[in-house]
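Chemist: This is the structure, below, for whatever I ask next.
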Amino acid sequence: MLDNKKTATLNVHGRTLELPVHSPTLGPDVIDIRKLYAEGDVFTYDPGFTSTASCESTITYIDGDEGVLLYRGYSIDDLAEKSHFLEVCYILLYGDLPTAEQLEDFETRVTHHTMLHEQMQYFFRGFRRDAHPMATMVGVVGAMSAFYHDSTDIGDPWQREVAAIRMIAKMPTIAAWAYKYSVGQPFVYPRNDLDYASNFLRMCFAVPAEDYEVNPILARAMDRIMTLHADHEQNASTSTVRLAGSSGANPFACIAAGIACLWGPAHGGANQACLEMLQEIGTVDRIPEFIRRAKDKDDPFRLMGFGHRVYKNFDPRAKVMKQSADEVLGLLGVENNETLQVAKELERIALEDDYFVSKKLYPNVDFYSGIILEAMGFPTSMFTPIFALSRTVGWISQWKEMIADPSQKIGRPRQLYVGPPHRPYIEVEDR
């Protein structure tokens, strides 16, 4: 329960308003301004809502100053080391660590919902072959409401549960088929004897001529990528899902909206941008030139993969991703890859250079994830779809929480209007 004993005093237009102050479990106090307009005839102005709490949530907590990320209170370090993605999905959806029986039941339900309705094959084939996989995913996920009518009633808790399981289960298949379609290869069906990450890798890389034997190190690295990206509090795409859901839209439409938002280069495309930057630098001997450009405030060049909007110290996901990067690149024998050499040298400089250290520009999760995905054989066009399938469980958890919240209203932000005041209409012959 929120603590309503504290208040904040606001003097506006000659009136004194007492606003409730809530104390969360973790993080700074929050001033409740819900009655600000009714009692004070004013709004707040907060572009990007960066100082506004739009909801009450029990799912994810971030402390950007200390570099902390918790899923339902469990640290990302512990989960990445000791858990696996489907267990993380259970934690995000239901709030606690599952018992052995609960986890087995959950994994079975997900595993047996991975196939897509057979008619959806024709939906994929309606796209041009050169369509970006994210464009395909937005369309296909949105179209799921046309195929799964028995899980679109948001007022029915069981239908919400079925929709959640379906999307978590089918998103790897959708992402893999979007990739297969883009490269002109036949679709590969999921297999029930493989774990979640292994199934996805096989659906991406197997072909009828020969099967794909999933290396456990690669599967573990993919599982970690999914775990590290499973949820990240009220970011742009999650807020989009909640906003779409607040209107009563069906869950498939809400998740499609989240995927569309994630597609933006400032959000889900960061690891692709980072890899492209490393490739632009090209060789280790060119790094000093780009470091100089990064320090020049008049140069538009920016180092991608360093620093984070939320994490002002270090990204707690980055050290886990770095470990995976070392394991994957060592397994694949690409330690001498030029792009990797550039990345390693750039990382070394950033951790030692006073300019980067003083500004706390540490390598973030995107710096390493793009390197791993490229080493596995994924083109950059698949980086954001993999992010989307990883984030699906977070979106669904946030959506379900919003639906069950009795205080939730349809999203309706206000504005600071700076346009012309009322003016008369002039007939066309008099203009």
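For the structure tokens, the naming scheme is as follows: chains receive sequential letters (A, B, ...) according to their order of presentation, residues are indexed from 1 within each chain, and ligands are indexed from 1 in presentation order.
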Tell me, as a PyMOL selection string, which residues lie within 12 Å of region 297-301 of chain A, counting only C-alpha atoms; anything in the same chain fewer than 4 positions away does not count.
Modeler: chain A and resi 277+280-281+289-293
Chemist: Generate a file of the selected residues that holds N, CA and C atoms, formatted as a PDB file, in the first residue's frame.
Modeler:
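Result file again.pdb:
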ATOM      1  N   MET A 277      28.772   1.374 -36.160  1.00  0.00           N
ATOM      2  CA  MET A 277      29.827   2.317 -35.803  1.00  0.00           C
ATOM      3  C   MET A 277      31.183   1.621 -35.767  1.00  0.00           C
ATOM      4  N   GLU A 280      32.285   1.135 -39.162  1.00  0.00           N
ATOM      5  CA  GLU A 280      32.704   2.399 -39.769  1.00  0.00           C
ATOM      6  C   GLU A 280      34.132   2.743 -39.350  1.00  0.00           C
ATOM      7  N   ILE A 281      34.448   2.515 -38.075  1.00  0.00           N
ATOM      8  CA  ILE A 281      35.820   2.754 -37.609  1.00  0.00           C
ATOM      9  C   ILE A 281      36.778   1.843 -38.370  1.00  0.00           C
ATOM     10  N   GLU A 289      41.324   8.711 -34.119  1.00  0.00           N
ATOM     11  CA  GLU A 289      40.608   9.722 -34.910  1.00  0.00           C
ATOM     12  C   GLU A 289      39.167   9.848 -34.448  1.00  0.00           C
ATOM     13  N   PHE A 290      38.517   8.714 -34.229  1.00  0.00           N
ATOM     14  CA  PHE A 290      37.116   8.740 -33.827  1.00  0.00           C
ATOM     15  C   PHE A 290      36.956   9.153 -32.365  1.00  0.00           C
ATOM     16  N   ILE A 291      37.947   8.852 -31.545  1.00  0.00           N
ATOM     17  CA  ILE A 291      37.916   9.323 -30.155  1.00  0.00           C
ATOM     18  C   ILE A 291      37.965  10.849 -30.130  1.00  0.00           C
ATOM     19  N   ARG A 292      38.834  11.413 -30.956  1.00  0.00           N
ATOM     20  CA  ARG A 292      38.921  12.872 -31.038  1.00  0.00           C
ATOM     21  C   ARG A 292      37.598  13.463 -31.495  1.00  0.00           C
ATOM     22  N   ARG A 293      36.984  12.837 -32.477  1.00  0.00           N
ATOM     23  CA  ARG A 293      35.701  13.334 -32.983  1.00  0.00           C
ATOM     24  C   ARG A 293      34.612  13.247 -31.911  1.00  0.00           C
TER      25      ARG A 293
END
Chemist: Pull the closest atom pair for each residue of region 222-295 of chain A that gets at most 8 Å from region 390-412 of chain A, along with the distance in Å to one decimal, counting only C-alpha atoms, ordering rows by chain and then ascending residue number, as JSON lines.
Modeler:
{"residue": "A:Ile225", "atom": "CA", "partner": "A:Ser390", "partner_atom": "CA", "distance": 7.6}
{"residue": "A:Met226", "atom": "CA", "partner": "A:Ser390", "partner_atom": "CA", "distance": 4.5}
{"residue": "A:Thr227", "atom": "CA", "partner": "A:Ser390", "partner_atom": "CA", "distance": 7.1}
{"residue": "A:His229", "atom": "CA", "partner": "A:Ser390", "partner_atom": "CA", "distance": 5.7}
{"residue": "A:Ala230", "atom": "CA", "partner": "A:Arg391", "partner_atom": "CA", "distance": 4.4}
{"residue": "A:Asp231", "atom": "CA", "partner": "A:Gly394", "partner_atom": "CA", "distance": 4.5}
{"residue": "A:His232", "atom": "CA", "partner": "A:Gly394", "partner_atom": "CA", "distance": 7.6}
{"residue": "A:Thr238", "atom": "CA", "partner": "A:Trp395", "partner_atom": "CA", "distance": 5.6}
{"residue": "A:Val241", "atom": "CA", "partner": "A:Trp395", "partner_atom": "CA", "distance": 6.5}
{"residue": "A:Arg242", "atom": "CA", "partner": "A:Trp399", "partner_atom": "CA", "distance": 5.7}
{"residue": "A:Leu243", "atom": "CA", "partner": "A:Gly411", "partner_atom": "CA", "distance": 5.5}
{"residue": "A:Gly245", "atom": "CA", "partner": "A:Trp399", "partner_atom": "CA", "distance": 6.6}
{"residue": "A:Ser246", "atom": "CA", "partner": "A:Ile410", "partner_atom": "CA", "distance": 4.5}
{"residue": "A:Ser247", "atom": "CA", "partner": "A:Ile410", "partner_atom": "CA", "distance": 5.4}
{"residue": "A:Pro251", "atom": "CA", "partner": "A:Trp399", "partner_atom": "CA", "distance": 7.9}
{"residue": "A:Ile255", "atom": "CA", "partner": "A:Trp395", "partner_atom": "CA", "distance": 6.9}
{"residue": "A:Gly258", "atom": "CA", "partner": "A:Trp395", "partner_atom": "CA", "distance": 7.5}
Chemist: I'd like to know which of A:Ala178, A:Leu218, A:Ala270, A:Ala135 is closest to Leu331 (chain A), using only C-alpha atoms.
Modeler: A:Leu218
Chemist: Could you jot down the CA of His267 (chain A) to CA of Pro133 (chain A) separation for me, Å, one decimal place?
Modeler: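 CA of Pro133 (chain A) lies 16.4 Å from CA of His267 (chain A).
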Chemist: Residues at most 10 Å from Thr58 (chain A), counting only C-alpha atoms, excluding those fewer than 3 positions away in the same chain, as a list in words?
Modeler: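 Near Thr58 (chain A), the qualifying residues are Pro24, Thr25, Tyr61, Tyr71, Arg72, Gly73, Leu92, Gly95, Glu233, Gln398 and Glu401 of chain A.
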Chemist: Which of region 88-285 of chain A end up as alpha helix (DSSP H) when DSSP is run on this backbone - answer as a PyMOL selection string?
Modeler: chain A and resi 88-94+100-111+120-124+133-143+157-182+196-205+216-228+236-245+251-262+270-281
Chemist: Find the residues near Leu228 (chain A): any atom within 10 Å, counting only C-alpha atoms, skip ones fewer than 2 places away on the same chain, and give them as number ranges by chain.
Modeler: A: 69, 76-77, 79-80, 85, 88, 222-226, 230-232, 316-318, 320-321, 365, 387, 390-391
Chemist: Find the residues around Val140 (chain A) up to 12 Å (only C-alpha atoms counted), leave out those fewer than 3 positions away in its own chain, and share them as a compact mmCIF listing (two decimals) with N, CA and C atoms, in the first residue's frame.
Modeler:
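The result, stored in selection_31.txt:
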# COMPACT_ATOMS: atom_id res chain seq x y z
N LEU A 116 2.63 -21.89 -35.14
CA LEU A 116 1.70 -20.87 -35.62
C LEU A 116 0.57 -21.53 -36.39
N HIS A 117 -0.57 -20.87 -36.41
CA HIS A 117 -1.68 -21.32 -37.24
C HIS A 117 -1.16 -21.46 -38.67
N GLN A 119 -2.36 -21.21 -41.54
CA GLN A 119 -2.74 -20.20 -42.53
C GLN A 119 -1.87 -18.94 -42.43
N MET A 120 -1.18 -18.77 -41.30
CA MET A 120 -0.34 -17.59 -41.15
C MET A 120 0.85 -17.62 -42.11
N GLN A 121 1.17 -18.81 -42.62
CA GLN A 121 2.22 -18.90 -43.65
C GLN A 121 1.89 -17.98 -44.83
N TYR A 122 0.62 -17.96 -45.22
CA TYR A 122 0.21 -17.15 -46.37
C TYR A 122 0.30 -15.66 -46.04
N PHE A 123 0.10 -15.34 -44.77
CA PHE A 123 0.21 -13.95 -44.36
C PHE A 123 1.66 -13.47 -44.54
N PHE A 124 2.61 -14.29 -44.14
CA PHE A 124 4.02 -13.96 -44.35
C PHE A 124 4.31 -13.72 -45.83
N ARG A 125 3.76 -14.55 -46.67
CA ARG A 125 4.07 -14.49 -48.10
C ARG A 125 3.44 -13.28 -48.78
N GLY A 126 2.61 -12.53 -48.05
CA GLY A 126 2.06 -11.30 -48.61
C GLY A 126 3.05 -10.15 -48.58
N PHE A 127 4.14 -10.32 -47.82
CA PHE A 127 5.16 -9.27 -47.76
C PHE A 127 6.16 -9.43 -48.90
N PRO A 133 12.54 -7.53 -41.33
CA PRO A 133 11.89 -8.46 -40.40
C PRO A 133 11.02 -7.78 -39.35
N MET A 134 11.39 -6.55 -38.93
CA MET A 134 10.56 -5.85 -37.95
C MET A 134 9.22 -5.44 -38.55
N ALA A 135 9.23 -5.05 -39.82
CA ALA A 135 7.97 -4.71 -40.48
C ALA A 135 7.06 -5.93 -40.54
N THR A 136 7.65 -7.08 -40.82
CA THR A 136 6.89 -8.32 -40.88
C THR A 136 6.33 -8.67 -39.50
N MET A 137 7.16 -8.51 -38.47
CA MET A 137 6.71 -8.85 -37.11
C MET A 137 5.56 -7.96 -36.65
N ALA A 143 -1.84 -9.25 -36.57
CA ALA A 143 -2.82 -10.12 -37.23
C ALA A 143 -3.19 -11.34 -36.39
N MET A 144 -2.46 -11.60 -35.31
CA MET A 144 -2.79 -12.76 -34.47
C MET A 144 -4.20 -12.67 -33.92
N SER A 145 -4.71 -11.45 -33.75
CA SER A 145 -6.08 -11.31 -33.26
C SER A 145 -7.09 -11.82 -34.28
N ALA A 146 -6.68 -11.93 -35.54
CA ALA A 146 -7.56 -12.47 -36.58
C ALA A 146 -7.53 -14.00 -36.62
N PHE A 147 -6.56 -14.59 -35.92
CA PHE A 147 -6.42 -16.05 -35.93
C PHE A 147 -6.77 -16.68 -34.58
N MET A 167 1.70 -15.59 -26.92
CA MET A 167 2.67 -14.65 -27.47
C MET A 167 4.10 -14.98 -27.06
N LYS A 170 4.98 -18.08 -29.24
CA LYS A 170 5.01 -17.95 -30.69
C LYS A 170 5.95 -16.87 -31.20
N MET A 171 6.37 -15.95 -30.35
CA MET A 171 7.20 -14.85 -30.83
C MET A 171 8.53 -15.33 -31.43
N THR A 173 9.02 -18.08 -33.04
CA THR A 173 8.65 -18.64 -34.34
C THR A 173 8.39 -17.52 -35.34
N ILE A 174 7.68 -16.49 -34.90
CA ILE A 174 7.39 -15.35 -35.78
C ILE A 174 8.68 -14.65 -36.19
N ALA A 175 9.58 -14.42 -35.23
CA ALA A 175 10.85 -13.74 -35.54
C ALA A 175 11.71 -14.59 -36.48
N TRP A 177 10.69 -16.93 -38.58
CA TRP A 177 10.08 -17.01 -39.90
C TRP A 177 10.23 -15.70 -40.66
N ALA A 178 10.19 -14.57 -39.93
CA ALA A 178 10.43 -13.29 -40.59
C ALA A 178 11.84 -13.26 -41.18
N PHE A 252 -2.93 -8.62 -28.64
CA PHE A 252 -2.06 -8.74 -29.81
C PHE A 252 -1.80 -7.38 -30.44
N ALA A 253 -2.83 -6.54 -30.49
CA ALA A 253 -2.67 -5.19 -31.02
C ALA A 253 -1.73 -4.38 -30.13
N ILE A 255 0.77 -5.49 -28.20
CA ILE A 255 2.16 -5.93 -28.35
C ILE A 255 2.70 -5.51 -29.72
N ALA A 256 1.85 -5.53 -30.74
CA ALA A 256 2.27 -5.03 -32.05
C ALA A 256 2.66 -3.56 -31.97
N ALA A 257 1.92 -2.79 -31.17
CA ALA A 257 2.26 -1.37 -30.97
C ALA A 257 3.61 -1.24 -30.29
N ILE A 259 6.10 -3.38 -30.47
CA ILE A 259 7.13 -3.74 -31.46
C ILE A 259 7.40 -2.56 -32.39
N ALA A 260 6.34 -1.89 -32.82
CA ALA A 260 6.51 -0.73 -33.71
C ALA A 260 7.34 0.36 -33.03
Chemist: Please run DSSP on the backbone and report, as number ranges by chain, all residues within region 43-137 of chain A that come out as strand (DSSP E).
Modeler: A: 60-63, 68-71, 74-75
Chemist: One number please: CA of Gln234 (chain A) to CA of Val310 (chain A), in Å, one decimal.
Modeler: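 Distance reported for this atom pair: 11.1 Å.
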Chemist: If we count only C-alpha atoms and set the cut-off at 12 Å, which residues sit around region 97-100 of chain A, ignoring sequence neighbours fewer than 3 positions away in its own chain? Please answer as a VMD selection string.
Modeler: chain A and resid 71 to 74 79 83 to 84 86 to 94 103 to 107
